[in-house]
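See below for model39.pdb, which holds PDB, C-alpha atoms and all ligand atoms.
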```
ATOM      1  CA  MET L  27     140.336 156.031-126.924
ATOM      2  CA  THR L  28     141.433 157.606-123.646
ATOM      3  CA  THR L  29     139.212 157.746-120.632
ATOM      4  CA  ILE L  30     139.959 160.191-117.848
ATOM      5  CA  VAL L  31     137.740 159.670-114.820
ATOM      6  CA  ILE L  32     137.485 162.351-112.148
ATOM      7  CA  ASP L  33     135.989 161.357-108.830
ATOM      8  CA  ASN L  34     133.224 163.745-107.836
ATOM      9  CA  GLU L  35     133.637 163.041-104.118
ATOM     10  CA  THR L  36     137.370 163.562-103.722
ATOM     11  CA  CYS L  37     137.829 166.290-106.354
ATOM     12  CA  THR L  38     138.199 169.667-104.610
ATOM     13  CA  ARG L  39     137.750 171.635-107.874
ATOM     14  CA  CYS L  40     141.246 173.089-107.455
ATOM     15  CA  GLY L  41     141.563 173.129-111.259
ATOM     16  CA  ILE L  42     145.126 171.776-111.330
ATOM     17  CA  CYS L  43     144.273 168.859-113.658
ATOM     18  CA  SER L  44     142.869 171.312-116.154
ATOM     19  CA  GLU L  45     145.864 173.636-115.835
ATOM     20  CA  VAL L  46     148.522 170.951-116.204
ATOM     21  CA  CYS L  47     146.925 169.157-119.153
ATOM     22  CA  PRO L  48     149.315 169.987-122.033
ATOM     23  CA  MET L  49     146.494 169.635-124.551
ATOM     24  CA  GLY L  50     144.046 171.792-122.593
ATOM     25  CA  ILE L  51     141.242 169.274-122.932
ATOM     26  CA  ILE L  52     140.051 169.170-119.310
ATOM     27  CA  VAL L  53     137.242 171.646-118.697
ATOM     28  CA  PRO L  54     137.546 172.968-115.115
ATOM     29  CA  GLY L  55     134.757 171.987-112.737
ATOM     30  CA  ASN L  56     132.629 174.064-110.447
ATOM     31  CA  GLU L  57     130.658 173.578-107.232
ATOM     32  CA  ALA L  58     128.088 171.490-109.014
ATOM     33  CA  LYS L  59     130.273 169.206-111.126
ATOM     34  CA  PRO L  60     133.867 167.996-111.337
ATOM     35  CA  PRO L  61     136.141 168.829-114.257
ATOM     36  CA  GLU L  62     135.464 166.808-117.357
ATOM     37  CA  VAL L  63     136.881 165.916-120.722
ATOM     38  CA  PRO L  64     134.300 166.511-123.447
ATOM     39  CA  ARG L  65     133.907 163.394-125.596
ATOM     40  CA  GLN L  66     135.027 165.146-128.758
ATOM     41  CA  ALA L  67     138.202 166.351-126.985
ATOM     42  CA  GLU L  68     139.279 162.893-125.818
ATOM     43  CA  ALA L  69     140.908 162.173-129.146
ATOM     44  CA  PHE L  70     143.444 164.923-128.415
ATOM     45  CA  CYS L  71     144.627 163.279-125.188
ATOM     46  CA  ILE L  72     148.301 162.334-125.536
ATOM     47  CA  ARG L  73     148.072 159.925-122.582
ATOM     48  CA  CYS L  74     150.837 161.649-120.665
ATOM     49  CA  GLY L  75     149.111 161.113-117.302
ATOM     50  CA  HIS L  76     149.947 164.598-116.013
ATOM     51  CA  CYS L  77     146.330 165.131-114.939
ATOM     52  CA  ALA L  78     146.466 162.068-112.679
ATOM     53  CA  VAL L  79     149.881 162.692-111.148
ATOM     54  CA  GLY L  80     149.163 166.417-110.723
ATOM     55  CA  CYS L  81     146.018 165.915-108.650
ATOM     56  CA  PRO L  82     146.787 166.497-104.940
ATOM     57  CA  GLU L  83     143.737 164.379-103.985
ATOM     58  CA  GLN L  84     144.442 161.616-106.496
ATOM     59  CA  ALA L  85     140.913 162.084-107.740
ATOM     60  CA  VAL L  86     141.881 161.623-111.384
ATOM     61  CA  SER L  87     142.302 158.149-112.787
ATOM     62  CA  ILE L  88     143.313 157.317-116.272
ATOM     63  CA  GLU L  89     141.863 154.252-117.860
ATOM     64  CA  PHE L  90     144.682 153.404-120.213
ATOM     65  CA  LEU L  91     147.757 151.262-119.797
ATOM     66  CA  ARG L  92     147.209 150.644-116.102
ATOM     67  CA  GLU L  93     150.572 150.011-114.482
ATOM     68  CA  ARG L  94     151.672 148.899-111.054
ATOM     69  CA  GLU L  95     152.220 151.962-108.925
ATOM     70  CA  ILE L  96     155.922 152.736-108.535
ATOM     71  CA  PRO L  97     156.787 153.107-104.825
ATOM     72  CA  VAL L  98     158.816 156.127-103.752
ATOM     73  CA  PRO L  99     162.345 154.847-103.036
ATOM     74  CA  GLU L 100     164.275 155.869 -99.956
ATOM     75  CA  GLY L 101     166.443 158.937-100.539
ATOM     76  CA  PHE L 102     164.103 160.508-103.062
ATOM     77  CA  PRO L 103     164.452 163.227-104.197
ATOM     78  CA  PRO L 104     168.234 162.996-104.514
ATOM     79  CA  SER L 105     170.136 166.158-103.688
ATOM     80  CA  PRO L 106     171.421 168.304-106.584
ATOM     81  CA  ASP L 107     174.949 167.311-105.522
ATOM     82  CA  LEU L 108     174.094 163.632-105.836
ATOM     83  CA  VAL L 109     172.450 164.077-109.253
ATOM     84  CA  ALA L 110     175.350 166.205-110.469
ATOM     85  CA  TYR L 111     177.945 163.695-109.279
ATOM     86  CA  TYR L 112     176.067 160.717-110.725
ATOM     87  CA  LEU L 113     175.660 162.344-114.134
ATOM     88  CA  LYS L 114     179.193 163.748-114.277
ATOM     89  CA  LYS L 115     180.653 160.429-113.171
ATOM     90  CA  ARG L 116     179.066 158.474-116.073
ATOM     91  CA  ARG L 117     181.742 157.481-118.594
ATOM     92  CA  SER L 118     181.762 155.683-121.897
ATOM     93  CA  VAL L 119     183.005 152.164-121.228
ATOM     94  CA  ARG L 120     185.350 150.657-123.828
ATOM     95  CA  HIS L 121     186.675 147.637-121.952
ATOM     96  CA  TYR L 122     184.303 144.921-120.828
ATOM     97  CA  THR L 123     184.495 141.681-118.902
ATOM     98  CA  LYS L 124     183.043 138.605-120.565
ATOM     99  CA  LYS L 125     180.476 138.183-117.792
ATOM    100  CA  PRO L 126     177.016 138.453-119.327
ATOM    101  CA  VAL L 127     174.636 141.065-117.992
ATOM    102  CA  PRO L 128     171.479 139.231-116.843
ATOM    103  CA  ARG L 129     168.552 139.783-119.175
ATOM    104  CA  ASP L 130     166.521 141.063-116.212
ATOM    105  CA  THR L 131     169.098 143.796-115.608
ATOM    106  CA  ILE L 132     169.013 144.870-119.247
ATOM    107  CA  ARG L 133     165.237 144.827-119.048
ATOM    108  CA  ASP L 134     165.355 147.026-115.906
ATOM    109  CA  ILE L 135     167.548 149.549-117.749
ATOM    110  CA  LEU L 136     165.225 149.622-120.765
ATOM    111  CA  GLU L 137     162.224 149.942-118.446
ATOM    112  CA  ILE L 138     163.720 153.212-117.205
ATOM    113  CA  ALA L 139     164.296 154.376-120.778
ATOM    114  CA  ARG L 140     160.560 153.825-121.357
ATOM    115  CA  TYR L 141     159.992 156.984-119.318
ATOM    116  CA  ALA L 142     162.112 159.203-121.571
ATOM    117  CA  PRO L 143     160.245 162.214-122.968
ATOM    118  CA  SER L 144     158.943 161.974-126.519
ATOM    119  CA  GLY L 145     157.254 164.466-128.824
ATOM    120  CA  GLY L 146     153.501 164.326-128.255
ATOM    121  CA  ASN L 147     154.190 161.426-125.857
ATOM    122  CA  GLN L 148     154.370 159.185-128.927
ATOM    123  CA  GLN L 149     156.873 156.762-127.311
ATOM    124  CA  PRO L 150     158.049 155.520-130.706
ATOM    125  CA  VAL L 151     161.005 153.391-129.570
ATOM    126  CA  HIS L 152     161.479 149.678-130.149
ATOM    127  CA  TRP L 153     164.572 147.996-128.689
ATOM    128  CA  THR L 154     166.440 145.066-130.152
ATOM    129  CA  VAL L 155     168.889 143.457-127.740
ATOM    130  CA  ILE L 156     171.722 141.586-129.413
ATOM    131  CA  TYR L 157     172.432 139.363-126.445
ATOM    132  CA  ASP L 158     174.850 136.796-127.879
ATOM    133  CA  PRO L 159     178.451 138.143-127.902
ATOM    134  CA  HIS L 160     179.143 136.206-131.118
ATOM    135  CA  ASP L 161     176.380 138.152-132.850
ATOM    136  CA  VAL L 162     177.821 141.415-131.534
ATOM    137  CA  HIS L 163     181.222 140.427-132.901
ATOM    138  CA  HIS L 164     179.643 139.502-136.233
ATOM    139  CA  LEU L 165     178.071 142.976-136.465
ATOM    140  CA  ALA L 166     181.430 144.545-135.655
ATOM    141  CA  GLY L 167     182.955 142.501-138.497
ATOM    142  CA  LEU L 168     180.286 143.670-140.952
ATOM    143  CA  THR L 169     181.017 147.228-139.891
ATOM    144  CA  ILE L 170     184.715 146.640-140.582
ATOM    145  CA  ASP L 171     183.718 145.352-144.053
ATOM    146  CA  TRP L 172     182.035 148.718-144.660
ATOM    147  CA  ILE L 173     185.047 150.596-143.273
ATOM    148  CA  ARG L 174     187.324 148.678-145.677
ATOM    149  CA  HIS L 175     184.969 149.472-148.556
ATOM    150  CA  ASP L 176     184.835 153.123-147.486
ATOM    151  CA  ALA L 177     188.624 153.383-147.230
ATOM    152  CA  ALA L 178     189.016 151.939-150.738
ATOM    153  CA  SER L 179     186.478 154.286-152.314
ATOM    154  CA  ASP L 180     187.390 157.475-154.211
ATOM    155  CA  ASN L 181     185.325 159.574-151.865
ATOM    156  CA  PRO L 182     185.642 158.082-148.369
ATOM    157  CA  SER L 183     183.283 159.312-145.669
ATOM    158  CA  LEU L 184     185.783 158.621-142.867
ATOM    159  CA  PRO L 185     189.341 160.007-142.803
ATOM    160  CA  ARG L 186     191.769 157.371-144.133
ATOM    161  CA  ILE L 187     194.027 157.837-141.141
ATOM    162  CA  MET L 188     191.135 156.717-138.962
ATOM    163  CA  THR L 189     189.980 153.820-141.135
ATOM    164  CA  GLY L 190     193.548 152.541-141.399
ATOM    165  CA  ARG L 191     193.803 152.365-137.626
ATOM    166  CA  LEU L 192     190.400 150.712-137.248
ATOM    167  CA  ILE L 193     191.207 148.051-139.828
ATOM    168  CA  SER L 194     194.635 147.267-138.424
ATOM    169  CA  SER L 195     193.222 147.069-134.896
ATOM    170  CA  TRP L 196     190.579 144.573-136.119
ATOM    171  CA  GLU L 197     193.237 142.566-137.946
ATOM    172  CA  LYS L 198     195.236 142.331-134.730
ATOM    173  CA  GLY L 199     192.216 140.718-133.043
ATOM    174  CA  ALA L 200     190.787 143.762-131.229
ATOM    175  CA  ASP L 201     187.266 145.077-131.738
ATOM    176  CA  PRO L 202     187.376 148.850-132.309
ATOM    177  CA  VAL L 203     183.685 148.919-133.312
ATOM    178  CA  CYS L 204     181.875 147.290-130.387
ATOM    179  CA  ARG L 205     184.889 147.260-128.074
ATOM    180  CA  GLY L 206     184.355 143.622-127.144
ATOM    181  CA  ALA L 207     181.060 144.437-125.421
ATOM    182  CA  PRO L 208     179.052 141.282-124.849
ATOM    183  CA  HIS L 209     175.720 142.904-125.737
ATOM    184  CA  LEU L 210     174.296 145.623-127.952
ATOM    185  CA  LEU L 211     171.144 147.614-127.258
ATOM    186  CA  ILE L 212     169.665 148.880-130.492
ATOM    187  CA  ALA L 213     166.979 151.536-130.572
ATOM    188  CA  ALA L 214     164.687 151.821-133.560
ATOM    189  CA  VAL L 215     161.843 154.293-133.922
ATOM    190  CA  ARG L 216     158.538 154.135-135.733
ATOM    191  CA  ALA L 217     159.090 155.371-139.249
ATOM    192  CA  GLY L 218     157.316 158.511-140.393
ATOM    193  CA  PRO L 219     157.229 162.246-139.819
ATOM    194  CA  GLY L 220     157.586 163.834-136.406
ATOM    195  CA  SER L 221     160.159 163.837-133.667
ATOM    196  CA  ALA L 222     160.791 160.080-133.511
ATOM    197  CA  ALA L 223     164.512 160.294-134.334
ATOM    198  CA  VAL L 224     165.069 162.769-131.499
ATOM    199  CA  ASP L 225     162.853 160.701-129.191
ATOM    200  CA  GLY L 226     164.998 157.653-129.934
ATOM    201  CA  ILE L 227     168.204 159.485-129.097
ATOM    202  CA  ILE L 228     166.719 160.664-125.809
ATOM    203  CA  ALA L 229     165.641 157.113-124.922
ATOM    204  CA  VAL L 230     169.147 155.825-125.675
ATOM    205  CA  THR L 231     170.539 158.603-123.503
ATOM    206  CA  TYR L 232     168.242 157.496-120.669
ATOM    207  CA  ALA L 233     169.538 153.919-120.993
ATOM    208  CA  ASP L 234     173.128 155.190-121.138
ATOM    209  CA  VAL L 235     172.612 157.235-117.991
ATOM    210  CA  ALA L 236     170.650 154.557-116.110
ATOM    211  CA  ALA L 237     173.104 151.721-116.751
ATOM    212  CA  PRO L 238     175.830 152.681-114.216
ATOM    213  CA  ALA L 239     173.258 152.489-111.410
ATOM    214  CA  PHE L 240     173.184 148.739-112.157
ATOM    215  CA  GLY L 241     176.984 148.504-112.373
ATOM    216  CA  VAL L 242     176.630 148.185-116.145
ATOM    217  CA  GLY L 243     178.817 150.046-118.622
ATOM    218  CA  THR L 244     177.722 151.369-122.001
ATOM    219  CA  CYS L 245     179.139 153.267-124.951
ATOM    220  CA  TRP L 246     177.437 154.647-128.042
ATOM    221  CA  ALA L 247     178.322 152.526-131.063
ATOM    222  CA  GLY L 248     178.911 155.344-133.534
ATOM    223  CA  PHE L 249     180.751 153.363-136.222
ATOM    224  CA  LEU L 250     178.018 150.760-136.240
ATOM    225  CA  SER L 251     175.426 153.520-136.697
ATOM    226  CA  LEU L 252     177.327 154.922-139.671
ATOM    227  CA  ALA L 253     177.576 151.457-141.190
ATOM    228  CA  VAL L 254     173.837 150.733-140.751
ATOM    229  CA  LYS L 255     173.082 153.629-143.075
ATOM    230  CA  ALA L 256     175.848 152.983-145.577
ATOM    231  CA  TRP L 257     176.237 149.212-145.784
ATOM    232  CA  PRO L 258     173.086 147.087-146.269
ATOM    233  CA  PRO L 259     174.508 143.856-144.719
ATOM    234  CA  VAL L 260     174.659 145.604-141.331
ATOM    235  CA  GLY L 261     171.028 146.709-141.506
ATOM    236  CA  GLU L 262     169.992 143.229-142.670
ATOM    237  CA  ALA L 263     171.831 141.573-139.778
ATOM    238  CA  LEU L 264     170.127 143.897-137.291
ATOM    239  CA  ALA L 265     166.682 142.884-138.593
ATOM    240  CA  ILE L 266     164.898 145.989-137.336
ATOM    241  CA  PRO L 267     161.146 145.230-137.178
ATOM    242  CA  ASP L 268     158.961 146.333-140.086
ATOM    243  CA  GLY L 269     157.720 149.896-139.773
ATOM    244  CA  TYR L 270     160.726 150.958-137.674
ATOM    245  CA  GLU L 271     163.946 152.731-138.571
ATOM    246  CA  TYR L 272     167.338 152.309-136.950
ATOM    247  CA  CYS L 273     168.142 155.101-134.515
ATOM    248  CA  ALA L 274     171.223 154.349-132.378
ATOM    249  CA  SER L 275     173.049 151.595-130.478
ATOM    250  CA  LEU L 276     174.728 151.177-127.133
ATOM    251  CA  MET L 277     177.436 148.676-126.356
ATOM    252  CA  CYS L 278     176.618 147.073-123.027
ATOM    253  CA  GLY L 279     178.478 144.949-120.489
ATOM    254  CA  TYR L 280     180.250 144.953-117.147
ATOM    255  CA  PRO L 281     183.189 147.387-117.088
ATOM    256  CA  LYS L 282     186.635 145.807-116.865
ATOM    257  CA  PHE L 283     188.118 148.892-115.197
ATOM    258  CA  ARG L 284     186.749 151.397-112.729
ATOM    259  CA  THR L 285     187.252 155.128-113.062
ATOM    260  CA  TYR L 286     188.785 157.424-110.470
ATOM    261  CA  GLY L 287     187.466 160.950-110.313
ATOM    262  CA  ILE L 288     185.834 162.925-113.103
ATOM    263  CA  PRO L 289     187.723 164.265-116.127
ATOM    264  CA  PRO L 290     187.472 167.972-117.019
ATOM    265  CA  ARG L 291     185.136 169.234-119.731
ATOM    266  CA  ASN L 292     184.936 172.469-121.714
ATOM    267  CA  PRO L 293     183.610 175.451-119.783
ATOM    268  CA  LEU L 294     179.881 176.081-119.995
ATOM    269  CA  LYS L 295     178.879 178.181-122.991
ATOM    270  CA  VAL L 296     175.705 180.081-122.322
ATOM    271  CA  THR L 297     174.136 183.311-123.475
ATOM    272  CA  TRP L 298     171.650 184.976-121.150
ATOM    273  CA  ARG L 299     169.100 187.225-122.762
TER     274      ARG L 299
HETATM  275  C1  LIG X   1     176.647 159.710-130.914
HETATM  276  C2  LIG X   1     177.867 159.145-130.243
HETATM  277  C3  LIG X   1     178.626 158.191-130.926
HETATM  278  C4  LIG X   1     179.745 157.638-130.299
HETATM  279  N1  LIG X   1     180.427 156.638-130.939
HETATM  280  C5  LIG X   1     181.466 156.041-130.315
HETATM  281  C6  LIG X   1     182.138 154.938-130.930
HETATM  282  O1  LIG X   1     181.801 154.494-132.017
HETATM  283  N2  LIG X   1     183.182 154.375-130.282
HETATM  284  C7  LIG X   1     183.603 154.839-129.059
HETATM  285  O2  LIG X   1     184.547 154.285-128.499
HETATM  286  N3  LIG X   1     182.964 155.886-128.426
HETATM  287  C8  LIG X   1     181.903 156.476-129.026
HETATM  288  N4  LIG X   1     181.239 157.505-128.403
HETATM  289  C9  LIG X   1     181.653 157.928-127.070
HETATM  290  C10 LIG X   1     182.299 159.325-127.069
HETATM  291  O3  LIG X   1     183.589 159.228-127.628
HETATM  292  C11 LIG X   1     182.318 159.811-125.623
HETATM  293  O4  LIG X   1     181.000 160.074-125.215
HETATM  294  C12 LIG X   1     183.154 161.073-125.428
HETATM  295  O5  LIG X   1     184.497 160.830-125.717
HETATM  296  C13 LIG X   1     183.049 161.592-123.997
HETATM  297  O6  LIG X   1     183.451 160.601-123.055
HETATM  298  P1  LIG X   1     182.428 160.158-121.906
HETATM  299  O7  LIG X   1     181.205 159.580-122.574
HETATM  300  O8  LIG X   1     183.154 159.138-121.100
HETATM  301  O9  LIG X   1     182.090 161.383-121.138
HETATM  302  C14 LIG X   1     180.123 158.061-129.000
HETATM  303  C15 LIG X   1     179.345 159.016-128.338
HETATM  304  C16 LIG X   1     178.228 159.541-128.944
HETATM  305  C17 LIG X   1     177.371 160.509-128.168
END
```

So, in terms of structure tokens, how does the structure I just supplied come out?
Ligand SMILES: Cc1cc2nc3c(=O)[nH]c(=O)nc-3n(C[C@H](O)[C@H](O)[C@H](O)COP(=O)(O)O)c2cc1C
Amino acid sequence: MTTIVIDNETCTRCGICSEVCPMGIIVPGNEAKPPEVPRQAEAFCIRCGHCAVGCPEQAVSIEFLREREIPVPEGFPPSPDLVAYYLKKRRSVRHYTKKPVPRDTIRDILEIARYAPSGGNQQPVHWTVIYDPHDVHHLAGLTIDWIRHDAASDNPSLPRIMTGRLISSWEKGADPVCRGAPHLLIAAVRAGPGSAAVDGIIAVTYADVAAPAFGVGTCWAGFLSLAVKAWPPVGEALAIPDGYEYCASLMCGYPKFRTYGIPPRNPLKVTWR
């Protein structure tokens, strides 16, 4: 159960907490009493914390999942130019050094992904980190097994021209599935109806976007994702926790090469109405 406490002394009755609550469960206050959440409405709280962070007087406290306050870093907010450059500069990394990424760094990246938006603030993501490069390579090999099986089937799901290249690259000792990344970050989401699959993709995107700030490179492991669904040994090797479903994976490691400049992209397509 959620408890939202509004301090009678510091609350100025500005009504912002009530206005910003996405569930509309905070009854505005008046001269005599501060805003309040009726007991029967508490169950509708999605624990987003907007009431607390929206209060100019910090009169609202939320009694769930208390976390250390995050200090405002120097340079915040970044300029639009800085945000644009950072986001446009992110690239998929397909060549990695063997140097392991410290677990603390991976944890820091996933901590950021914890703040990704999710439908109804459900936060349905569970991460599995495949930390040992041998295990990553093993998963790549299982994916190649599926690709071989797919290529030999009457109704292949991947174009044969592509599977042929993937298989021959693997046979020459390269890893076209996980690109030799030392680690894999696997997102699973709580099974069931709702927006969990989308929420998982957004969380993976957050991790993908956060990683370069730590000097870490990532790339979505699309072939692995296809194999998870089509080839049971891959799913079994991932050992997603009970009650969760595989969502997506990121290769992860230190980039072997740096990039110079930003490559072009298609022009913006937008309709204004
Ligand atoms: C869902 C998804 C799956 C992807 N799968 C792979 C993959 O299996 N192997 C790979 O090398 N790149 C993969 N990529 C990376 C894309 O090829 C890459 O994002 C695209 O070429 C644009 O390059 P950029 O990310 O550097 O901007 C994937 C990207 C996405 C979003």

field: Contacts of segment 188-196 of chain L within 7 Å, all atoms listed in the file, excl. fewer than 4 positions in-chain, as a ChimeraX atom specification
entry: /L:170,173,177,184,200-202

I need the output of the PyMOL selection byres (((chain L and resi 84) around 12) and not hetatm) for this file as a PDB file with C-alpha atoms, in the frame of the given file; which residues are they?
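As a result, result-v7.pdb now contains:
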```pdb
ATOM      1  CA  VAL L  31     137.740 159.670-114.820  1.00  0.00           C
ATOM      2  CA  ILE L  32     137.485 162.351-112.148  1.00  0.00           C
ATOM      3  CA  ASP L  33     135.989 161.357-108.830  1.00  0.00           C
ATOM      4  CA  ASN L  34     133.224 163.745-107.836  1.00  0.00           C
ATOM      5  CA  GLU L  35     133.637 163.041-104.118  1.00  0.00           C
ATOM      6  CA  THR L  36     137.370 163.562-103.722  1.00  0.00           C
ATOM      7  CA  CYS L  37     137.829 166.290-106.354  1.00  0.00           C
ATOM      8  CA  THR L  38     138.199 169.667-104.610  1.00  0.00           C
ATOM      9  CA  CYS L  40     141.246 173.089-107.455  1.00  0.00           C
ATOM     10  CA  ILE L  42     145.126 171.776-111.330  1.00  0.00           C
ATOM     11  CA  CYS L  43     144.273 168.859-113.658  1.00  0.00           C
ATOM     12  CA  GLY L  75     149.111 161.113-117.302  1.00  0.00           C
ATOM     13  CA  HIS L  76     149.947 164.598-116.013  1.00  0.00           C
ATOM     14  CA  CYS L  77     146.330 165.131-114.939  1.00  0.00           C
ATOM     15  CA  ALA L  78     146.466 162.068-112.679  1.00  0.00           C
ATOM     16  CA  VAL L  79     149.881 162.692-111.148  1.00  0.00           C
ATOM     17  CA  GLY L  80     149.163 166.417-110.723  1.00  0.00           C
ATOM     18  CA  CYS L  81     146.018 165.915-108.650  1.00  0.00           C
ATOM     19  CA  PRO L  82     146.787 166.497-104.940  1.00  0.00           C
ATOM     20  CA  GLU L  83     143.737 164.379-103.985  1.00  0.00           C
ATOM     21  CA  ALA L  85     140.913 162.084-107.740  1.00  0.00           C
ATOM     22  CA  VAL L  86     141.881 161.623-111.384  1.00  0.00           C
ATOM     23  CA  SER L  87     142.302 158.149-112.787  1.00  0.00           C
ATOM     24  CA  ILE L  88     143.313 157.317-116.272  1.00  0.00           C
TER      25      ILE L  88
END
```

Open item on the list: Could you list, as a list in words, all residues that come within 6 Å of ligand LIG 1 (chain X)? Count all atoms listed in the file.
Closed with: Arg117, Ser118, Arg120, Cys245, Trp246, Ala247, Gly248 and Phe249 of chain L

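Nearest residue to Gln149 of chain L among L:Val109, L:Cys74, L:Leu168, L:Val98 is L:Cys74, counting all atoms listed in the file.
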
**Study point:** atom CA of Pro61 of chain L to atom CA of Pro48 of chain L, straight-line distance in Å
**Key:**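 For atom CA of Pro48 of chain L relative to atom CA of Pro61 of chain L, the distance reads 15.3 Å.
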
Please write the residues picked by the PyMOL selection byres (((chain L and resi 122-132) around 12) and not hetatm) on this file as a PyMOL selection string.
-> chain L and resi 118-121+133-139+153-160+201+204-212+233-234+236-245+276-284

Could you tell me which residues the PyMOL selection byres (((chain L and resi 217) around 8) and not hetatm) returns for this structure, as a list in words?
-> Val215, Arg216, Gly218, Pro219, Ala222, Gly269, Tyr270 and Glu271 of chain L

As a check of understanding: the span from atom CA of Ala214 of chain L to atom CA of Ala69 of chain L is 26.3 Å

Check: Which residues, written as number ranges by chain, have at least one atom at most 10 Å from Pro289 of chain L, with only C-alpha atoms counted and residues fewer than 2 positions away on the same chain left out?
Finding: L: 114-115, 117, 285-287, 291

Go ahead and dump the residues you just picked, C-alpha atoms, as an mmCIF file, in the coordinates of the input.
```cif
data_model
loop_
_atom_site.group_PDB
_atom_site.id
_atom_site.type_symbol
_atom_site.label_atom_id
_atom_site.label_comp_id
_atom_site.auth_asym_id
_atom_site.auth_seq_id
_atom_site.Cartn_x
_atom_site.Cartn_y
_atom_site.Cartn_z
ATOM 1 C CA LYS L 114 179.193 163.748 -114.277
ATOM 2 C CA LYS L 115 180.653 160.429 -113.171
ATOM 3 C CA ARG L 117 181.742 157.481 -118.594
ATOM 4 C CA THR L 285 187.252 155.128 -113.062
ATOM 5 C CA TYR L 286 188.785 157.424 -110.470
ATOM 6 C CA GLY L 287 187.466 160.950 -110.313
ATOM 7 C CA ARG L 291 185.136 169.234 -119.731
#
```

Nearby residues (only C-alpha atoms) at most 8 Å from Ile52 of chain L, same-chain spacing under 4 positions excluded, as a VMD selection string = chain L and resid 43 to 44 47 61 to 64

Checklist entry - To one decimal place, how far is atom CA of Ala142 of chain L from atom CA of Val230 of chain L in Å? => result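 Rounded to one decimal, the two atoms are 8.8 Å apart.
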
Using all atoms listed in the file, the best pick from L:Glu100, L:Glu57, L:Leu250, L:Ala256 as closest to Asp176 of chain L would be L:Ala256

Query - Thr29 of chain L environment, 8 Å, only C-alpha atoms, sequence neighbours closer than 3 positions dropped, as a count of residues only - result: 4

Completion of segment 252-263 of chain L up to N, CA and C atoms, as an mmCIF file, keeping the file's coordinate frame:
```
data_model
loop_
_atom_site.group_PDB
_atom_site.id
_atom_site.type_symbol
_atom_site.label_atom_id
_atom_site.label_comp_id
_atom_site.auth_asym_id
_atom_site.auth_seq_id
_atom_site.Cartn_x
_atom_site.Cartn_y
_atom_site.Cartn_z
ATOM 1 N N LEU L 252 176.972 154.445 -138.323
ATOM 2 C CA LEU L 252 177.327 154.922 -139.671
ATOM 3 C C LEU L 252 177.170 153.788 -140.678
ATOM 4 N N ALA L 253 177.621 152.596 -140.272
ATOM 5 C CA ALA L 253 177.576 151.457 -141.190
ATOM 6 C C ALA L 253 176.140 151.039 -141.508
ATOM 7 N N VAL L 254 175.238 151.141 -140.514
ATOM 8 C CA VAL L 254 173.837 150.733 -140.751
ATOM 9 C C VAL L 254 173.293 151.495 -141.956
ATOM 10 N N LYS L 255 173.643 152.794 -142.002
ATOM 11 C CA LYS L 255 173.082 153.629 -143.075
ATOM 12 C C LYS L 255 173.777 153.404 -144.403
ATOM 13 N N ALA L 256 175.059 153.014 -144.340
ATOM 14 C CA ALA L 256 175.848 152.983 -145.577
ATOM 15 C C ALA L 256 176.054 151.592 -146.155
ATOM 16 N N TRP L 257 175.825 150.556 -145.369
ATOM 17 C CA TRP L 257 176.237 149.212 -145.784
ATOM 18 C C TRP L 257 175.095 148.231 -145.495
ATOM 19 N N PRO L 258 174.299 147.874 -146.501
ATOM 20 C CA PRO L 258 173.086 147.087 -146.269
ATOM 21 C C PRO L 258 173.275 145.816 -145.429
ATOM 22 N N PRO L 259 174.412 145.076 -145.544
ATOM 23 C CA PRO L 259 174.508 143.856 -144.719
ATOM 24 C C PRO L 259 174.379 144.126 -143.215
ATOM 25 N N VAL L 260 174.775 145.306 -142.767
ATOM 26 C CA VAL L 260 174.659 145.604 -141.331
ATOM 27 C C VAL L 260 173.179 145.754 -140.962
ATOM 28 N N GLY L 261 172.462 146.532 -141.758
ATOM 29 C CA GLY L 261 171.028 146.709 -141.506
ATOM 30 C C GLY L 261 170.290 145.374 -141.558
ATOM 31 N N GLU L 262 170.662 144.542 -142.547
ATOM 32 C CA GLU L 262 169.992 143.229 -142.670
ATOM 33 C C GLU L 262 170.264 142.369 -141.442
ATOM 34 N N ALA L 263 171.492 142.393 -140.949
ATOM 35 C CA ALA L 263 171.831 141.573 -139.778
ATOM 36 C C ALA L 263 171.110 142.069 -138.525
#
```
